[in-house]
file work19.cif (mmCIF, C-alpha atoms)
data_work
loop_
_atom_site.group_PDB
_atom_site.id
_atom_site.type_symbol
_atom_site.label_atom_id
_atom_site.label_comp_id
_atom_site.auth_asym_id
_atom_site.auth_seq_id
_atom_site.Cartn_x
_atom_site.Cartn_y
_atom_site.Cartn_z
ATOM 1 C CA MET U 786 16.305 9.722 2.172
ATOM 2 C CA SER U 787 16.466 13.493 2.098
ATOM 3 C CA ILE U 788 15.592 13.644 -1.596
ATOM 4 C CA ILE U 789 12.443 11.552 -0.980
ATOM 5 C CA ARG U 790 11.477 13.810 1.938
ATOM 6 C CA GLU U 791 11.941 16.859 -0.286
ATOM 7 C CA GLU U 792 10.268 15.504 -3.424
ATOM 8 C CA MET U 793 7.621 13.287 -1.774
ATOM 9 C CA PRO U 794 6.725 15.001 1.520
ATOM 10 C CA VAL U 795 3.310 13.302 1.740
ATOM 11 C CA LEU U 796 4.897 9.855 1.490
ATOM 12 C CA ALA U 797 7.435 10.844 4.151
ATOM 13 C CA ARG U 798 4.528 11.552 6.540
ATOM 14 C CA HIS U 799 3.631 7.824 6.360
ATOM 15 C CA GLU U 800 6.854 6.760 8.058
ATOM 16 C CA GLY U 801 6.191 4.541 11.074
ATOM 17 C CA ASP U 802 3.806 1.789 12.131
ATOM 18 C CA TRP U 803 0.134 1.576 11.208
ATOM 19 C CA VAL U 804 -2.552 -0.798 12.504
ATOM 20 C CA GLY U 805 -5.957 -1.293 10.974
ATOM 21 C CA THR U 806 -8.525 -3.440 9.253
ATOM 22 C CA TYR U 807 -8.844 -4.502 5.622
ATOM 23 C CA THR U 808 -12.395 -5.081 4.383
ATOM 24 C CA LEU U 809 -12.762 -6.627 0.909
ATOM 25 C CA ILE U 810 -16.098 -6.159 -0.856
ATOM 26 C CA ASP U 811 -17.558 -7.297 -4.159
ATOM 27 C CA THR U 812 -19.156 -4.945 -6.695
ATOM 28 C CA GLU U 813 -22.510 -5.301 -4.904
ATOM 29 C CA GLY U 814 -21.054 -4.134 -1.583
ATOM 30 C CA ASN U 815 -21.038 -7.576 0.053
ATOM 31 C CA ILE U 816 -18.179 -8.275 2.453
ATOM 32 C CA ILE U 817 -15.926 -11.006 1.054
ATOM 33 C CA GLU U 818 -13.249 -10.959 3.736
ATOM 34 C CA LYS U 819 -11.988 -8.979 6.691
ATOM 35 C CA HIS U 820 -8.604 -9.103 8.417
ATOM 36 C CA ASN U 821 -6.337 -7.038 10.666
ATOM 37 C CA SER U 822 -3.095 -5.425 9.589
ATOM 38 C CA HIS U 823 0.112 -3.925 10.930
ATOM 39 C CA LEU U 824 2.231 -2.078 8.362
ATOM 40 C CA THR U 825 5.664 -0.564 8.845
ATOM 41 C CA CYS U 826 6.863 2.104 6.423
ATOM 42 C CA HIS U 827 10.440 3.275 6.697
ATOM 43 C CA PHE U 828 13.223 4.982 4.787
ATOM 44 C CA PRO U 829 16.480 3.143 5.556
ATOM 45 C CA GLU U 830 19.632 5.229 5.255
ATOM 46 C CA ASP U 831 22.510 3.943 3.128
ATOM 47 C CA GLN U 832 20.641 0.818 2.011
ATOM 48 C CA GLU U 833 19.966 -0.634 -1.428
ATOM 49 C CA TYR U 834 16.323 0.475 -1.273
ATOM 50 C CA PRO U 835 15.448 3.948 0.046
ATOM 51 C CA TYR U 836 11.870 2.861 0.880
ATOM 52 C CA TYR U 837 10.938 -0.361 2.669
ATOM 53 C CA GLN U 838 7.523 -1.562 3.786
ATOM 54 C CA ILE U 839 6.554 -4.600 5.843
ATOM 55 C CA ASN U 840 2.918 -5.743 5.794
ATOM 56 C CA ARG U 841 1.684 -8.103 8.506
ATOM 57 C CA TYR U 842 -1.813 -9.569 8.262
ATOM 58 C CA LYS U 843 -3.835 -11.588 10.761
ATOM 59 C CA TRP U 844 -7.188 -13.323 10.205
ATOM 60 C CA LEU U 845 -9.681 -14.473 12.830
ATOM 61 C CA ASP U 846 -8.996 -18.133 11.981
ATOM 62 C CA GLY U 847 -5.350 -17.663 13.062
ATOM 63 C CA LYS U 848 -3.847 -17.344 9.587
ATOM 64 C CA ARG U 849 -0.927 -14.900 9.434
ATOM 65 C CA GLU U 850 1.095 -13.433 6.612
ATOM 66 C CA GLU U 851 4.146 -11.159 6.497
ATOM 67 C CA LEU U 852 5.224 -9.519 3.241
ATOM 68 C CA PHE U 853 8.215 -7.313 2.385
ATOM 69 C CA PHE U 854 8.114 -4.506 -0.166
ATOM 70 C CA PRO U 855 11.390 -2.731 -0.925
ATOM 71 C CA ALA U 856 11.154 0.146 -3.404
ATOM 72 C CA ALA U 857 13.523 2.168 -5.530
ATOM 73 C CA TYR U 858 13.127 5.924 -5.966
ATOM 74 C CA ARG U 859 13.279 8.044 -9.133
ATOM 75 C CA ASP U 860 11.249 10.668 -10.957
ATOM 76 C CA LYS U 861 9.274 11.631 -7.815
ATOM 77 C CA LYS U 862 7.912 8.077 -7.532
ATOM 78 C CA ILE U 863 8.713 4.941 -5.594
ATOM 79 C CA TRP U 864 8.995 1.830 -7.751
ATOM 80 C CA PHE U 865 8.234 -1.700 -6.547
ATOM 81 C CA ASP U 866 9.562 -4.787 -8.305
ATOM 82 C CA THR U 867 9.422 -7.825 -6.015
ATOM 83 C CA GLU U 868 8.719 -11.493 -6.655
ATOM 84 C CA ARG U 869 5.043 -10.747 -5.923
ATOM 85 C CA ILE U 870 4.270 -7.293 -7.351
ATOM 86 C CA GLN U 871 5.406 -4.613 -9.762
ATOM 87 C CA GLY U 872 4.183 -1.040 -9.515
ATOM 88 C CA GLN U 873 4.722 2.578 -8.653
ATOM 89 C CA ALA U 874 3.427 5.208 -6.242
ATOM 90 C CA TRP U 875 3.265 8.976 -6.575
ATOM 91 C CA GLU U 876 1.735 11.940 -4.773
ATOM 92 C CA ALA U 877 -1.508 13.420 -6.094
ATOM 93 C CA ASP U 878 -1.921 16.314 -3.643
ATOM 94 C CA ASN U 879 -0.960 17.332 -0.091
ATOM 95 C CA SER U 880 -2.707 14.356 1.544
ATOM 96 C CA THR U 881 -2.941 11.662 -1.149
ATOM 97 C CA VAL U 882 -0.606 8.998 -2.521
ATOM 98 C CA ILE U 883 -1.703 6.887 -5.499
ATOM 99 C CA LEU U 884 -0.307 3.394 -6.015
ATOM 100 C CA TRP U 885 -0.697 1.320 -9.183
ATOM 101 C CA PHE U 886 0.449 -2.274 -9.166
ATOM 102 C CA ILE U 887 0.071 -5.726 -10.657
ATOM 103 C CA TYR U 888 0.484 -9.166 -9.136
ATOM 104 C CA LYS U 889 3.048 -10.855 -11.361
ATOM 105 C CA GLU U 890 1.199 -14.189 -11.208
ATOM 106 C CA VAL U 891 -2.012 -12.584 -12.555
ATOM 107 C CA PRO U 892 -0.990 -10.461 -15.564
ATOM 108 C CA ASP U 893 -4.547 -9.541 -16.653
ATOM 109 C CA MET U 894 -5.280 -7.920 -13.270
ATOM 110 C CA HIS U 895 -4.170 -4.579 -11.836
ATOM 111 C CA LEU U 896 -4.998 -2.414 -8.834
ATOM 112 C CA TYR U 897 -5.181 1.272 -8.049
ATOM 113 C CA GLU U 898 -4.835 2.269 -4.423
ATOM 114 C CA MET U 899 -5.614 5.708 -3.025
ATOM 115 C CA ILE U 900 -3.964 6.413 0.334
ATOM 116 C CA GLN U 901 -5.036 9.478 2.278
ATOM 117 C CA ILE U 902 -3.324 10.670 5.435
ATOM 118 C CA SER U 903 -4.962 13.014 7.941
ATOM 119 C CA PRO U 904 -3.537 16.492 8.619
ATOM 120 C CA CYS U 905 -2.431 15.312 12.098
ATOM 121 C CA ASN U 906 -0.574 12.352 10.458
ATOM 122 C CA ASN U 907 -2.218 9.816 12.796
ATOM 123 C CA TYR U 908 -4.959 8.346 10.562
ATOM 124 C CA ARG U 909 -5.012 6.853 7.096
ATOM 125 C CA SER U 910 -7.784 5.638 4.875
ATOM 126 C CA ARG U 911 -7.014 3.564 1.832
ATOM 127 C CA THR U 912 -9.077 2.102 -0.961
ATOM 128 C CA TRP U 913 -8.042 -0.462 -3.526
ATOM 129 C CA HIS U 914 -9.866 -0.843 -6.823
ATOM 130 C CA TRP U 915 -9.228 -4.298 -8.320
ATOM 131 C CA PHE U 916 -9.515 -4.619 -12.125
ATOM 132 C CA LYS U 917 -9.466 -7.799 -14.192
ATOM 133 C CA ASN U 918 -9.529 -7.414 -17.968
ATOM 134 C CA HIS U 919 -10.128 -3.686 -17.321
ATOM 135 C CA GLN U 920 -13.348 -4.342 -15.360
ATOM 136 C CA ILE U 921 -13.643 -3.639 -11.645
ATOM 137 C CA PHE U 922 -14.451 -6.790 -9.696
ATOM 138 C CA ARG U 923 -13.543 -6.001 -6.082
ATOM 139 C CA ARG U 924 -12.692 -3.169 -3.707
ATOM 140 C CA THR U 925 -10.738 -3.100 -0.481
ATOM 141 C CA MET U 926 -11.391 -0.509 2.217
ATOM 142 C CA ILE U 927 -8.702 0.029 4.843
ATOM 143 C CA GLN U 928 -8.897 2.117 8.013
ATOM 144 C CA GLU U 929 -5.653 2.631 9.912
ATOM 145 C CA GLU U 930 -4.190 4.610 12.735
ATOM 146 C CA ARG U 931 -0.612 5.281 13.678
ATOM 147 C CA LEU U 932 0.764 2.967 16.334
ATOM 148 C CA GLN U 933 2.233 5.220 19.015
#
call {"tool": "encode", "arguments": {"input": "work19.cif", "output": "structure tokens"}}
result
Amino acid sequence: MSIIREEMPVLARHEGDWVGTYTLIDTEGNIIEKHNSHLTCHFPEDQEYPYYQINRYKWLDGKREELFFPAAYRDKKIWFDTERIQGQAWEADNSTVILWFIYKEVPDMHLYEMIQISPCNNYRSRTWHWFKNHQIFRRTMIQEERLQ
């Protein structure tokens, strides 16, 4: 864990629980979907994966989903390779993490996510840009705050 804290200090600031709302929009700005989220980011000591994230989603109709994202660490990046996604995240500046990933079931689609954390470490804003055949077709806007 200490090497991640040293080499990726912005990512280390994300440790903990985050609650928020995902809003998916089309290229015209129309809302496609909205749902609530609770994410947990942690850095387990002496485990196979030095970064581990749990995403919990809840929709108004009662639908729920819980996803697990373990990640390896090397070259100042975290690397995801799960049944669902493959990708990597790196720091862009002192408040921004960039994540690139693909859904393995949809090989002609990829996403870029920009994650920005506030100086007080209690608020995050995230945007996803969804590309299919190298053309943007959707965006996701996420507002979160740290669960105290």
call {"tool": "residues_around", "arguments": {"input": "work19.cif", "residues": "Phe886 in chain U", "least_positions_apart": "2", "cutoff": "8 Å", "atoms": "only C-alpha atoms", "output": "PyMOL selection string"}}
result
chain U and resi 870-873+884+888+895-897
call {"tool": "atom_distance", "arguments": {"input": "work19.cif", "atom1": "CA of Arg911 in chain U", "atom2": "CA of Phe828 in chain U"}}
result
20.5 Å
call {"tool": "resolve_selection", "arguments": {"input": "work19.cif", "expression": "the PyMOL selection byres ((chain U and resi 833) around 12)", "output": "mmCIF file with C-alpha atoms, in the coordinates of the input"}}
result
data_model
loop_
_atom_site.group_PDB
_atom_site.id
_atom_site.type_symbol
_atom_site.label_atom_id
_atom_site.label_comp_id
_atom_site.auth_asym_id
_atom_site.auth_seq_id
_atom_site.Cartn_x
_atom_site.Cartn_y
_atom_site.Cartn_z
ATOM 1 C CA MET U 786 16.305 9.722 2.172
ATOM 2 C CA PHE U 828 13.223 4.982 4.787
ATOM 3 C CA PRO U 829 16.480 3.143 5.556
ATOM 4 C CA GLU U 830 19.632 5.229 5.255
ATOM 5 C CA ASP U 831 22.510 3.943 3.128
ATOM 6 C CA GLN U 832 20.641 0.818 2.011
ATOM 7 C CA TYR U 834 16.323 0.475 -1.273
ATOM 8 C CA PRO U 835 15.448 3.948 0.046
ATOM 9 C CA TYR U 836 11.870 2.861 0.880
ATOM 10 C CA TYR U 837 10.938 -0.361 2.669
ATOM 11 C CA PRO U 855 11.390 -2.731 -0.925
ATOM 12 C CA ALA U 856 11.154 0.146 -3.404
ATOM 13 C CA ALA U 857 13.523 2.168 -5.530
ATOM 14 C CA TYR U 858 13.127 5.924 -5.966
#
call {"tool": "residues_near_point", "arguments": {"input": "work19.cif", "point": "(-6.8, -11.2, -18.1)", "cutoff": "6 Å", "atoms": "only C-alpha atoms", "output": "PyMOL selection string"}}
result
chain U and resi 893+917-918
call {"tool": "atom_distance", "arguments": {"input": "work19.cif", "atom1": "CA of Ile817 in chain U", "atom2": "CA of Arg869 in chain U"}}
result
22.1 Å
call {"tool": "atom_distance", "arguments": {"input": "work19.cif", "atom1": "CA of Lys861 in chain U", "atom2": "CA of Val795 in chain U"}}
result
11.4 Å
call {"tool": "resolve_selection", "arguments": {"input": "work19.cif", "expression": "the PyMOL selection byres ((chain U and resi 882) around 9)", "output": "short mmCIF file (atom, residue, chain, number, x, y, z; two decimals) with C-alpha atoms, in the coordinates of the input"}}
result
data_model
loop_
_atom_site.label_atom_id
_atom_site.label_comp_id
_atom_site.auth_asym_id
_atom_site.auth_seq_id
_atom_site.Cartn_x
_atom_site.Cartn_y
_atom_site.Cartn_z
CA VAL U 795 3.31 13.30 1.74
CA LEU U 796 4.90 9.86 1.49
CA ALA U 874 3.43 5.21 -6.24
CA TRP U 875 3.26 8.98 -6.58
CA GLU U 876 1.74 11.94 -4.77
CA ALA U 877 -1.51 13.42 -6.09
CA ASP U 878 -1.92 16.31 -3.64
CA ASN U 879 -0.96 17.33 -0.09
CA SER U 880 -2.71 14.36 1.54
CA THR U 881 -2.94 11.66 -1.15
CA ILE U 883 -1.70 6.89 -5.50
CA LEU U 884 -0.31 3.39 -6.02
CA GLU U 898 -4.84 2.27 -4.42
CA MET U 899 -5.61 5.71 -3.02
CA ILE U 900 -3.96 6.41 0.33
CA GLN U 901 -5.04 9.48 2.28
CA ILE U 902 -3.32 10.67 5.44
#
call {"tool": "resolve_selection", "arguments": {"input": "work19.cif", "expression": "the PyMOL selection byres ((chain U and resi 838) around 6)", "output": "list in words"}}
result
Thr825, Cys826, Tyr837, Ile839, Phe853 and Phe854 of chain U
call {"tool": "residues_near_point", "arguments": {"input": "work19.cif", "point": "(-17.1, -7.4, 6.5)", "cutoff": "12 Å", "atoms": "all atoms listed in the file", "output": "NGL selection string"}}
result
:U and (806-811 or 814-821 or 924-927)
call {"tool": "write_last_selection", "arguments": {"input": "work19.cif", "atoms": "C-alpha atoms", "output": "PDB file, in the frame of the given file"}}
result
ATOM      1  CA  THR U 806      -8.525  -3.440   9.253  1.00  0.00           C
ATOM      2  CA  TYR U 807      -8.844  -4.502   5.622  1.00  0.00           C
ATOM      3  CA  THR U 808     -12.395  -5.081   4.383  1.00  0.00           C
ATOM      4  CA  LEU U 809     -12.762  -6.627   0.909  1.00  0.00           C
ATOM      5  CA  ILE U 810     -16.098  -6.159  -0.856  1.00  0.00           C
ATOM      6  CA  ASP U 811     -17.558  -7.297  -4.159  1.00  0.00           C
ATOM      7  CA  GLY U 814     -21.054  -4.134  -1.583  1.00  0.00           C
ATOM      8  CA  ASN U 815     -21.038  -7.576   0.053  1.00  0.00           C
ATOM      9  CA  ILE U 816     -18.179  -8.275   2.453  1.00  0.00           C
ATOM     10  CA  ILE U 817     -15.926 -11.006   1.054  1.00  0.00           C
ATOM     11  CA  GLU U 818     -13.249 -10.959   3.736  1.00  0.00           C
ATOM     12  CA  LYS U 819     -11.988  -8.979   6.691  1.00  0.00           C
ATOM     13  CA  HIS U 820      -8.604  -9.103   8.417  1.00  0.00           C
ATOM     14  CA  ASN U 821      -6.337  -7.038  10.666  1.00  0.00           C
ATOM     15  CA  ARG U 924     -12.692  -3.169  -3.707  1.00  0.00           C
ATOM     16  CA  THR U 925     -10.738  -3.100  -0.481  1.00  0.00           C
ATOM     17  CA  MET U 926     -11.391  -0.509   2.217  1.00  0.00           C
ATOM     18  CA  ILE U 927      -8.702   0.029   4.843  1.00  0.00           C
TER      19      ILE U 927
END
call {"tool": "closest_residue", "arguments": {"input": "work19.cif", "among": "U:Thr912, U:Asn907, U:Ser822, U:Asn840", "to": "Trp885 in chain U", "atoms": "all atoms listed in the file"}}
result
U:Thr912
call {"tool": "axis_aligned_box", "arguments": {"input": "work19.cif", "around": "range 896-904 of chain U", "padding_each_side": "4 Å", "output": "lines of an AutoDock Vina configuration file"}}
result
center_x = -4.5
center_y = 7.0
center_z = -0.1
size_x = 10.3
size_y = 26.9
size_z = 25.5
call {"tool": "closest_residue", "arguments": {"input": "work19.cif", "among": "U:Ile921, U:Lys889, U:Tyr908, U:Arg790", "to": "Asp866 in chain U", "atoms": "all atoms listed in the file"}}
result
U:Lys889
call {"tool": "closest_residue", "arguments": {"input": "work19.cif", "among": "U:Met894, U:Leu824, U:Ile788, U:Leu845", "to": "Val804 in chain U", "atoms": "only C-alpha atoms"}}
result
U:Leu824
call {"tool": "closest_residue", "arguments": {"input": "work19.cif", "among": "U:Lys848, U:Val891, U:Glu929, U:Arg841", "to": "Trp915 in chain U", "atoms": "only C-alpha atoms"}}
result
U:Val891
call {"tool": "decode", "arguments": {"input": "work19.cif", "residues": "range 846-882 of chain U", "atoms": "C-alpha atoms", "output": "mmCIF file, in the first residue's frame"}}
result
data_model
loop_
_atom_site.group_PDB
_atom_site.id
_atom_site.type_symbol
_atom_site.label_atom_id
_atom_site.label_comp_id
_atom_site.auth_asym_id
_atom_site.auth_seq_id
_atom_site.Cartn_x
_atom_site.Cartn_y
_atom_site.Cartn_z
ATOM 1 C CA ASP U 846 -37.762 0.687 -9.260
ATOM 2 C CA GLY U 847 -35.951 -1.351 -6.568
ATOM 3 C CA LYS U 848 -33.284 -2.862 -8.812
ATOM 4 C CA ARG U 849 -29.919 -3.280 -7.072
ATOM 5 C CA GLU U 850 -26.475 -4.246 -8.260
ATOM 6 C CA GLU U 851 -23.176 -4.864 -6.466
ATOM 7 C CA LEU U 852 -19.923 -5.131 -8.418
ATOM 8 C CA PHE U 853 -16.357 -5.896 -7.305
ATOM 9 C CA PHE U 854 -13.268 -4.400 -8.921
ATOM 10 C CA PRO U 855 -9.890 -5.642 -7.693
ATOM 11 C CA ALA U 856 -6.860 -3.988 -9.293
ATOM 12 C CA ALA U 857 -3.167 -4.685 -9.598
ATOM 13 C CA TYR U 858 -0.569 -1.925 -9.312
ATOM 14 C CA ARG U 859 2.470 -1.195 -11.500
ATOM 15 C CA ASP U 860 4.039 1.676 -13.406
ATOM 16 C CA LYS U 861 2.160 4.331 -11.375
ATOM 17 C CA LYS U 862 -1.187 2.917 -12.546
ATOM 18 C CA ILE U 863 -3.836 0.584 -11.213
ATOM 19 C CA TRP U 864 -4.835 -2.155 -13.644
ATOM 20 C CA PHE U 865 -8.267 -3.798 -13.742
ATOM 21 C CA ASP U 866 -8.866 -7.182 -15.348
ATOM 22 C CA THR U 867 -12.125 -8.716 -14.118
ATOM 23 C CA GLU U 868 -14.759 -10.850 -15.810
ATOM 24 C CA ARG U 869 -16.590 -7.610 -16.679
ATOM 25 C CA ILE U 870 -13.943 -4.982 -17.487
ATOM 26 C CA GLN U 871 -10.332 -4.416 -18.451
ATOM 27 C CA GLY U 872 -8.632 -1.066 -17.992
ATOM 28 C CA GLN U 873 -6.226 1.191 -16.192
ATOM 29 C CA ALA U 874 -6.233 4.366 -14.110
ATOM 30 C CA TRP U 875 -3.546 6.989 -13.627
ATOM 31 C CA GLU U 876 -3.165 10.439 -12.102
ATOM 32 C CA ALA U 877 -3.289 13.479 -14.381
ATOM 33 C CA ASP U 878 -2.648 16.220 -11.805
ATOM 34 C CA ASN U 879 -3.077 16.923 -8.077
ATOM 35 C CA SER U 880 -6.865 16.437 -8.126
ATOM 36 C CA THR U 881 -7.606 14.242 -11.159
ATOM 37 C CA VAL U 882 -7.541 10.513 -11.881
#
